[in-house]
Amino acid sequence: MRIVSLLPSATEICFALGLGPSLVGITHECDFPPQTEYKTVLTQSELEHQGATPGEIDRHVKEALHEGSSLYRLDHEGLVRARPDLILTQELCEVCAVAYPEVLEAARLLPGKPAVLSLEPHTLSEVMRSIIDVGQATGTRERAAELVRGLWARVDAVRGAVTTRGRPRVVCLEWLDPLMAAGHWVPDQVDIGGGIDVLGTSGQPSRKISFPELQAAAPEVIFCMPCGNRLDAAAAQAHQLQALPGWSDLPAVRAGQVYAVDGSWYFNRPGPRVVDGIEILARLLHPDAWRGPVPQAYLKVE
């Protein structure tokens with residue numbers, strides 16, 4: 001089978017299922033595992049974000065969407081050369097990937113009429129289900145089931161380790177200018193990791209929040225996980241929050257419990273590594289309870 005993945009999370013799922021050799025096309029944002037370096041890239045961003053601030057990026061994206069412009073360019077000629085049997089895509093987020101209607105139209109025009117599988121997870125359970133869906137579509141159902149069982153076992157291990165601990169009030173910021181509270185599966189990650197997400201709701205989209213709303217939430221711990229940003233960029237952006245009037249009065253700031261985390265790899269993408277994200281949260285929320293290995297993907301913001 002020849003597979004084109006137009007999602008970083010789907011690319012990770014494919015590699016986890018042993019389908020790396022079957023991938024004949026990926027996106028410019030697919031950066032894990034390292035073998036993605038050798039795959040054909042079929043997309044590129046239409047917006048130049050290099051050196052832009054979060055506020056500028058937000059404004060550019062909104063302007064493009066208002067004008068009906070695409071945020072990504074699909075290499076149609078490259079797609080023809082790839083000759084895919086299956087294209088993996090999504091409809092969940094209009095700023096996260098090539099627009100779904102464009103993918104459908106491109107698939108319709110291909111000689112082989114490939115199948116198109118749209119992955120739409122909103123919760124942690126649905127993330128797991130999407131792994132099964134990819135397994136069913138690619139003839140690796142048993143391998144997918146085994147992978148999911150292993151992921152749930154890790155989830156249960158974290159849940160069991162923190163179940164008797166106090167649950168701090170947590171806010172996860174998916175964007176920092178404007179402030180956005182993370183939604184979808186992130187509140188599930190917080191819950192399992194031993195916290196109470198006071199601004200995000202499981203299964204619901206991420207949403208813009210005001211600073212007074214953040215103040216009213218009185219978070220005891222804040223995780224900065226700006227979408228699409230690796231740890232160093234997340235930390236640099238998080239430090240800029242210190243300029244906000246009233247920031248230093250937040251309970252989390254006073255307690256030294258503000259962290260930058262690698263949102264791109266462990267929180268923004270609905271793939272297998274959301275479980276790594278849960279383990280990271282458990283380590284930071286309950287370091288005396290969760291002692292399992294976690295990626296070094298967090299920094300305290302001081």
# chains A, B, ... in the order shown; residues from 1 in each chain; ligands from 1
>>> residues_around(residues="Ser118 (chain A)", least_positions_apart="3", cutoff="8 Å", atoms="only C-alpha atoms", output="PyMOL selection string")
chain A and resi 88-91
>>> residues_around(residues="Ala255 (chain A)", least_positions_apart="6", cutoff="12 Å", atoms="only C-alpha atoms", output="number ranges by chain")
A: 168, 218-222, 248-249, 300-302
>>> select_by_dssp(residues="region 238-274 of chain A", states="strand (DSSP E or B)", output="list in words")
Val258, Tyr259, Ala260 and Val261 of chain A
>>> closest_residue(among="A:Gly78, A:Glu120, A:His28, A:Asp276", to="Val98 (chain A)", atoms="only C-alpha atoms")
A:His28
>>> residues_around(residues="region 187-191 of chain A", least_positions_apart="2", cutoff="6 Å", atoms="only C-alpha atoms", output="JSON, numbers by chain")
{"A": [185, 193, 194, 195, 196, 197, 200, 201, 202, 278]}
>>> write_last_selection(atoms="N, CA and C atoms", output="short mmCIF file (atom, residue, chain, number, x, y, z; two decimals), in the first residue's frame")
data_model
loop_
_atom_site.label_atom_id
_atom_site.label_comp_id
_atom_site.auth_asym_id
_atom_site.auth_seq_id
_atom_site.Cartn_x
_atom_site.Cartn_y
_atom_site.Cartn_z
N TRP A 185 -8.36 17.02 23.55
CA TRP A 185 -7.84 15.94 24.41
C TRP A 185 -6.95 16.45 25.54
N GLY A 193 -3.25 13.14 34.39
CA GLY A 193 -1.99 13.51 35.01
C GLY A 193 -2.13 14.00 36.44
N GLY A 194 -3.36 14.17 36.89
CA GLY A 194 -3.58 14.52 38.29
C GLY A 194 -3.92 15.96 38.57
N GLY A 195 -4.48 16.67 37.58
CA GLY A 195 -4.87 18.06 37.79
C GLY A 195 -6.32 18.29 37.42
N ILE A 196 -6.79 19.50 37.66
CA ILE A 196 -8.13 19.93 37.25
C ILE A 196 -7.96 21.05 36.24
N ASP A 197 -8.36 20.82 35.02
CA ASP A 197 -8.28 21.85 33.98
C ASP A 197 -9.43 22.82 34.19
N GLY A 200 -10.25 24.58 30.23
CA GLY A 200 -10.48 23.73 29.06
C GLY A 200 -11.52 22.68 29.35
N THR A 201 -12.21 22.24 28.29
CA THR A 201 -13.25 21.21 28.41
C THR A 201 -12.95 20.09 27.44
N SER A 202 -12.94 18.87 27.94
CA SER A 202 -12.66 17.70 27.10
C SER A 202 -13.62 17.63 25.93
N ILE A 278 0.95 13.07 28.90
CA ILE A 278 0.32 12.77 30.19
C ILE A 278 1.39 12.49 31.24
#
>>> residues_around(residues="Ile280 (chain A)", least_positions_apart="6", cutoff="12 Å", atoms="only C-alpha atoms", output="ChimeraX atom specification")
/A:155,158,189-190,192-194,223,259-263,265-267,273-274,286-287,290-299
>>> write_last_selection(atoms="N, CA and C atoms", output="PDB file, in the first residue's frame")
ATOM      1  N   VAL A 155      -1.422   4.862  30.413  1.00  0.00           N
ATOM      2  CA  VAL A 155      -2.394   5.801  30.981  1.00  0.00           C
ATOM      3  C   VAL A 155      -2.858   5.312  32.348  1.00  0.00           C
ATOM      4  N   VAL A 158      -0.277   5.835  35.122  1.00  0.00           N
ATOM      5  CA  VAL A 158      -0.242   7.209  35.625  1.00  0.00           C
ATOM      6  C   VAL A 158      -1.446   7.475  36.514  1.00  0.00           C
ATOM      7  N   GLN A 189      -5.681  14.869  29.231  1.00  0.00           N
ATOM      8  CA  GLN A 189      -4.295  14.695  29.663  1.00  0.00           C
ATOM      9  C   GLN A 189      -4.095  15.259  31.073  1.00  0.00           C
ATOM     10  N   VAL A 190      -4.665  16.426  31.314  1.00  0.00           N
ATOM     11  CA  VAL A 190      -4.544  17.054  32.631  1.00  0.00           C
ATOM     12  C   VAL A 190      -5.230  16.211  33.695  1.00  0.00           C
ATOM     13  N   ILE A 192      -5.923  12.969  33.755  1.00  0.00           N
ATOM     14  CA  ILE A 192      -5.202  11.721  34.029  1.00  0.00           C
ATOM     15  C   ILE A 192      -3.882  12.010  34.734  1.00  0.00           C
ATOM     16  N   GLY A 193      -3.251  13.135  34.388  1.00  0.00           N
ATOM     17  CA  GLY A 193      -1.989  13.506  35.011  1.00  0.00           C
ATOM     18  C   GLY A 193      -2.129  13.996  36.436  1.00  0.00           C
ATOM     19  N   GLY A 194      -3.361  14.171  36.892  1.00  0.00           N
ATOM     20  CA  GLY A 194      -3.579  14.517  38.290  1.00  0.00           C
ATOM     21  C   GLY A 194      -3.924  15.955  38.570  1.00  0.00           C
ATOM     22  N   PHE A 223       0.624  25.633  32.246  1.00  0.00           N
ATOM     23  CA  PHE A 223       1.467  25.014  31.226  1.00  0.00           C
ATOM     24  C   PHE A 223       1.321  25.806  29.933  1.00  0.00           C
ATOM     25  N   TYR A 259       5.216  26.477  33.615  1.00  0.00           N
ATOM     26  CA  TYR A 259       6.117  25.650  32.816  1.00  0.00           C
ATOM     27  C   TYR A 259       5.862  25.865  31.332  1.00  0.00           C
ATOM     28  N   ALA A 260       6.931  25.876  30.566  1.00  0.00           N
ATOM     29  CA  ALA A 260       6.836  25.750  29.108  1.00  0.00           C
ATOM     30  C   ALA A 260       7.048  24.285  28.768  1.00  0.00           C
ATOM     31  N   VAL A 261       6.210  23.762  27.890  1.00  0.00           N
ATOM     32  CA  VAL A 261       6.341  22.369  27.465  1.00  0.00           C
ATOM     33  C   VAL A 261       6.353  22.308  25.942  1.00  0.00           C
ATOM     34  N   ASP A 262       6.829  21.206  25.425  1.00  0.00           N
ATOM     35  CA  ASP A 262       6.900  21.013  23.976  1.00  0.00           C
ATOM     36  C   ASP A 262       5.514  20.650  23.461  1.00  0.00           C
ATOM     37  N   GLY A 263       4.746  21.689  23.126  1.00  0.00           N
ATOM     38  CA  GLY A 263       3.383  21.456  22.672  1.00  0.00           C
ATOM     39  C   GLY A 263       3.326  20.682  21.378  1.00  0.00           C
ATOM     40  N   TRP A 265       5.154  18.390  20.052  1.00  0.00           N
ATOM     41  CA  TRP A 265       5.414  16.953  20.075  1.00  0.00           C
ATOM     42  C   TRP A 265       4.510  16.175  21.021  1.00  0.00           C
ATOM     43  N   TYR A 266       4.032  16.799  22.096  1.00  0.00           N
ATOM     44  CA  TYR A 266       3.381  15.999  23.138  1.00  0.00           C
ATOM     45  C   TYR A 266       1.960  16.423  23.507  1.00  0.00           C
ATOM     46  N   PHE A 267       1.470  17.527  22.937  1.00  0.00           N
ATOM     47  CA  PHE A 267       0.147  17.996  23.336  1.00  0.00           C
ATOM     48  C   PHE A 267      -0.733  18.425  22.166  1.00  0.00           C
ATOM     49  N   ARG A 273       2.049  10.001  21.019  1.00  0.00           N
ATOM     50  CA  ARG A 273       2.850  10.680  22.034  1.00  0.00           C
ATOM     51  C   ARG A 273       2.047  11.594  22.955  1.00  0.00           C
ATOM     52  N   VAL A 274       0.716  11.658  22.782  1.00  0.00           N
ATOM     53  CA  VAL A 274      -0.073  12.355  23.798  1.00  0.00           C
ATOM     54  C   VAL A 274       0.055  11.643  25.142  1.00  0.00           C
ATOM     55  N   HIS A 286       2.894  15.984  40.122  1.00  0.00           N
ATOM     56  CA  HIS A 286       3.068  15.093  41.273  1.00  0.00           C
ATOM     57  C   HIS A 286       4.422  14.385  41.191  1.00  0.00           C
ATOM     58  N   PRO A 287       5.511  15.132  41.327  1.00  0.00           N
ATOM     59  CA  PRO A 287       6.838  14.530  41.158  1.00  0.00           C
ATOM     60  C   PRO A 287       7.151  13.432  42.169  1.00  0.00           C
ATOM     61  N   TRP A 290       4.792  10.279  40.537  1.00  0.00           N
ATOM     62  CA  TRP A 290       5.109   9.704  39.223  1.00  0.00           C
ATOM     63  C   TRP A 290       6.604   9.809  38.968  1.00  0.00           C
ATOM     64  N   ARG A 291       7.262   8.690  39.040  1.00  0.00           N
ATOM     65  CA  ARG A 291       8.714   8.651  38.891  1.00  0.00           C
ATOM     66  C   ARG A 291       9.145   7.940  37.608  1.00  0.00           C
ATOM     67  N   GLY A 292       8.183   7.617  36.760  1.00  0.00           N
ATOM     68  CA  GLY A 292       8.521   6.962  35.506  1.00  0.00           C
ATOM     69  C   GLY A 292       9.297   7.894  34.591  1.00  0.00           C
ATOM     70  N   PRO A 293       9.971   7.335  33.604  1.00  0.00           N
ATOM     71  CA  PRO A 293      10.755   8.169  32.678  1.00  0.00           C
ATOM     72  C   PRO A 293       9.851   9.062  31.840  1.00  0.00           C
ATOM     73  N   VAL A 294      10.268  10.290  31.648  1.00  0.00           N
ATOM     74  CA  VAL A 294       9.524  11.221  30.791  1.00  0.00           C
ATOM     75  C   VAL A 294      10.521  11.954  29.902  1.00  0.00           C
ATOM     76  N   PRO A 295      10.079  12.406  28.724  1.00  0.00           N
ATOM     77  CA  PRO A 295      10.967  13.201  27.868  1.00  0.00           C
ATOM     78  C   PRO A 295      11.366  14.504  28.566  1.00  0.00           C
ATOM     79  N   GLN A 296      12.564  14.955  28.329  1.00  0.00           N
ATOM     80  CA  GLN A 296      13.001  16.245  28.871  1.00  0.00           C
ATOM     81  C   GLN A 296      12.453  17.348  27.974  1.00  0.00           C
ATOM     82  N   ALA A 297      11.158  17.546  28.086  1.00  0.00           N
ATOM     83  CA  ALA A 297      10.450  18.438  27.171  1.00  0.00           C
ATOM     84  C   ALA A 297       9.723  19.537  27.927  1.00  0.00           C
ATOM     85  N   TYR A 298      10.307  19.999  29.030  1.00  0.00           N
ATOM     86  CA  TYR A 298       9.676  21.041  29.825  1.00  0.00           C
ATOM     87  C   TYR A 298      10.747  21.913  30.470  1.00  0.00           C
ATOM     88  N   LEU A 299      10.387  23.163  30.721  1.00  0.00           N
ATOM     89  CA  LEU A 299      11.262  24.115  31.400  1.00  0.00           C
ATOM     90  C   LEU A 299      10.413  24.953  32.342  1.00  0.00           C
TER      91      LEU A 299
END
>>> closest_atom_pairs(of="region 14-53 of chain A", to="region 147-153 of chain A", cutoff="12 Å", atoms="only C-alpha atoms", output="JSON lines")
{"residue": "A:Cys14", "atom": "CA", "partner": "A:Leu147", "partner_atom": "CA", "distance": 11.4}
{"residue": "A:Phe15", "atom": "CA", "partner": "A:Leu147", "partner_atom": "CA", "distance": 11.5}
{"residue": "A:Ala16", "atom": "CA", "partner": "A:Leu147", "partner_atom": "CA", "distance": 7.9}
{"residue": "A:Leu17", "atom": "CA", "partner": "A:Leu147", "partner_atom": "CA", "distance": 7.8}
{"residue": "A:Gly18", "atom": "CA", "partner": "A:Leu147", "partner_atom": "CA", "distance": 10.9}
>>> write_last_selection(atoms="C-alpha atoms", output="PDB file, in the first residue's frame")
ATOM      1  CA  CYS A  14       1.961   5.134  10.503  1.00  0.00           C
ATOM      2  CA  PHE A  15       5.513   4.774  11.747  1.00  0.00           C
ATOM      3  CA  ALA A  16       4.280   3.346  15.050  1.00  0.00           C
ATOM      4  CA  LEU A  17       2.379   0.713  13.063  1.00  0.00           C
ATOM      5  CA  GLY A  18       5.442  -0.210  11.021  1.00  0.00           C
TER       6      GLY A  18
END
>>> atom_distance(atom1="CA of Gln204 (chain A)", atom2="CA of Val171 (chain A)")
14.9 Å
>>> decode(residues="region 134-211 of chain A", atoms="C-alpha atoms", output="PDB file, in the first residue's frame")
ATOM      1  CA  VAL A 134      -5.571   3.741  10.524  1.00  0.00           C
ATOM      2  CA  GLY A 135      -4.862   0.107  11.357  1.00  0.00           C
ATOM      3  CA  GLN A 136      -8.119  -0.995   9.759  1.00  0.00           C
ATOM      4  CA  ALA A 137      -7.471   1.069   6.634  1.00  0.00           C
ATOM      5  CA  THR A 138      -3.940  -0.264   6.199  1.00  0.00           C
ATOM      6  CA  GLY A 139      -4.284  -3.931   7.093  1.00  0.00           C
ATOM      7  CA  THR A 140      -2.460  -3.511  10.401  1.00  0.00           C
ATOM      8  CA  ARG A 141      -5.455  -3.820  12.708  1.00  0.00           C
ATOM      9  CA  GLU A 142      -3.826  -6.288  15.122  1.00  0.00           C
ATOM     10  CA  ARG A 143      -0.703  -4.167  15.406  1.00  0.00           C
ATOM     11  CA  ALA A 144      -2.855  -1.093  16.025  1.00  0.00           C
ATOM     12  CA  ALA A 145      -4.823  -2.894  18.728  1.00  0.00           C
ATOM     13  CA  GLU A 146      -1.584  -3.944  20.417  1.00  0.00           C
ATOM     14  CA  LEU A 147      -0.256  -0.384  20.269  1.00  0.00           C
ATOM     15  CA  VAL A 148      -3.441   1.014  21.776  1.00  0.00           C
ATOM     16  CA  ARG A 149      -3.443  -1.572  24.561  1.00  0.00           C
ATOM     17  CA  GLY A 150       0.092  -0.532  25.447  1.00  0.00           C
ATOM     18  CA  LEU A 151      -0.844   3.145  25.442  1.00  0.00           C
ATOM     19  CA  TRP A 152      -3.867   2.554  27.688  1.00  0.00           C
ATOM     20  CA  ALA A 153      -1.680   0.540  30.059  1.00  0.00           C
ATOM     21  CA  ARG A 154       0.617   3.545  30.419  1.00  0.00           C
ATOM     22  CA  VAL A 155      -2.394   5.801  30.981  1.00  0.00           C
ATOM     23  CA  ASP A 156      -3.680   3.472  33.698  1.00  0.00           C
ATOM     24  CA  ALA A 157      -0.258   3.422  35.353  1.00  0.00           C
ATOM     25  CA  VAL A 158      -0.242   7.209  35.625  1.00  0.00           C
ATOM     26  CA  ARG A 159      -3.830   7.329  36.815  1.00  0.00           C
ATOM     27  CA  GLY A 160      -3.095   4.791  39.520  1.00  0.00           C
ATOM     28  CA  ALA A 161       0.021   6.612  40.680  1.00  0.00           C
ATOM     29  CA  VAL A 162      -1.682   9.980  41.215  1.00  0.00           C
ATOM     30  CA  THR A 163      -5.189   8.906  42.182  1.00  0.00           C
ATOM     31  CA  THR A 164      -4.825   9.656  45.911  1.00  0.00           C
ATOM     32  CA  ARG A 165      -3.014  12.962  45.453  1.00  0.00           C
ATOM     33  CA  GLY A 166      -4.487  16.425  45.656  1.00  0.00           C
ATOM     34  CA  ARG A 167      -5.513  17.872  42.325  1.00  0.00           C
ATOM     35  CA  PRO A 168      -4.171  21.370  41.606  1.00  0.00           C
ATOM     36  CA  ARG A 169      -6.031  23.875  39.453  1.00  0.00           C
ATOM     37  CA  VAL A 170      -4.396  23.853  36.023  1.00  0.00           C
ATOM     38  CA  VAL A 171      -4.529  26.088  32.950  1.00  0.00           C
ATOM     39  CA  CYS A 172      -3.021  24.976  29.639  1.00  0.00           C
ATOM     40  CA  LEU A 173      -2.326  27.797  27.197  1.00  0.00           C
ATOM     41  CA  GLU A 174      -2.329  26.642  23.577  1.00  0.00           C
ATOM     42  CA  TRP A 175      -1.543  30.133  22.295  1.00  0.00           C
ATOM     43  CA  LEU A 176      -0.104  33.102  24.132  1.00  0.00           C
ATOM     44  CA  ASP A 177      -1.167  36.144  22.077  1.00  0.00           C
ATOM     45  CA  PRO A 178      -4.092  36.123  22.184  1.00  0.00           C
ATOM     46  CA  LEU A 179      -4.387  33.803  25.149  1.00  0.00           C
ATOM     47  CA  MET A 180      -6.090  30.535  24.239  1.00  0.00           C
ATOM     48  CA  ALA A 181      -7.030  27.733  26.621  1.00  0.00           C
ATOM     49  CA  ALA A 182      -6.304  24.290  25.184  1.00  0.00           C
ATOM     50  CA  GLY A 183      -9.265  22.008  24.529  1.00  0.00           C
ATOM     51  CA  HIS A 184      -9.983  18.693  22.804  1.00  0.00           C
ATOM     52  CA  TRP A 185      -7.841  15.941  24.408  1.00  0.00           C
ATOM     53  CA  VAL A 186      -5.630  18.226  26.533  1.00  0.00           C
ATOM     54  CA  PRO A 187      -8.118  18.406  29.443  1.00  0.00           C
ATOM     55  CA  ASP A 188      -8.077  14.588  29.408  1.00  0.00           C
ATOM     56  CA  GLN A 189      -4.295  14.695  29.663  1.00  0.00           C
ATOM     57  CA  VAL A 190      -4.544  17.054  32.631  1.00  0.00           C
ATOM     58  CA  ASP A 191      -7.185  14.946  34.366  1.00  0.00           C
ATOM     59  CA  ILE A 192      -5.202  11.721  34.029  1.00  0.00           C
ATOM     60  CA  GLY A 193      -1.989  13.506  35.011  1.00  0.00           C
ATOM     61  CA  GLY A 194      -3.579  14.517  38.290  1.00  0.00           C
ATOM     62  CA  GLY A 195      -4.872  18.055  37.787  1.00  0.00           C
ATOM     63  CA  ILE A 196      -8.127  19.926  37.254  1.00  0.00           C
ATOM     64  CA  ASP A 197      -8.277  21.846  33.979  1.00  0.00           C
ATOM     65  CA  VAL A 198     -10.184  24.955  35.026  1.00  0.00           C
ATOM     66  CA  LEU A 199     -10.542  26.584  31.591  1.00  0.00           C
ATOM     67  CA  GLY A 200     -10.477  23.731  29.065  1.00  0.00           C
ATOM     68  CA  THR A 201     -13.248  21.214  28.411  1.00  0.00           C
ATOM     69  CA  SER A 202     -12.659  17.701  27.105  1.00  0.00           C
ATOM     70  CA  GLY A 203     -13.891  17.274  23.549  1.00  0.00           C
ATOM     71  CA  GLN A 204     -14.460  20.991  23.009  1.00  0.00           C
ATOM     72  CA  PRO A 205     -12.302  23.261  20.833  1.00  0.00           C
ATOM     73  CA  SER A 206      -9.541  25.410  22.217  1.00  0.00           C
ATOM     74  CA  ARG A 207     -10.872  28.885  22.921  1.00  0.00           C
ATOM     75  CA  LYS A 208      -9.716  32.446  23.293  1.00  0.00           C
ATOM     76  CA  ILE A 209      -9.705  33.712  26.883  1.00  0.00           C
ATOM     77  CA  SER A 210      -9.226  37.144  28.408  1.00  0.00           C
ATOM     78  CA  PHE A 211      -6.616  37.885  31.035  1.00  0.00           C
TER      79      PHE A 211
END
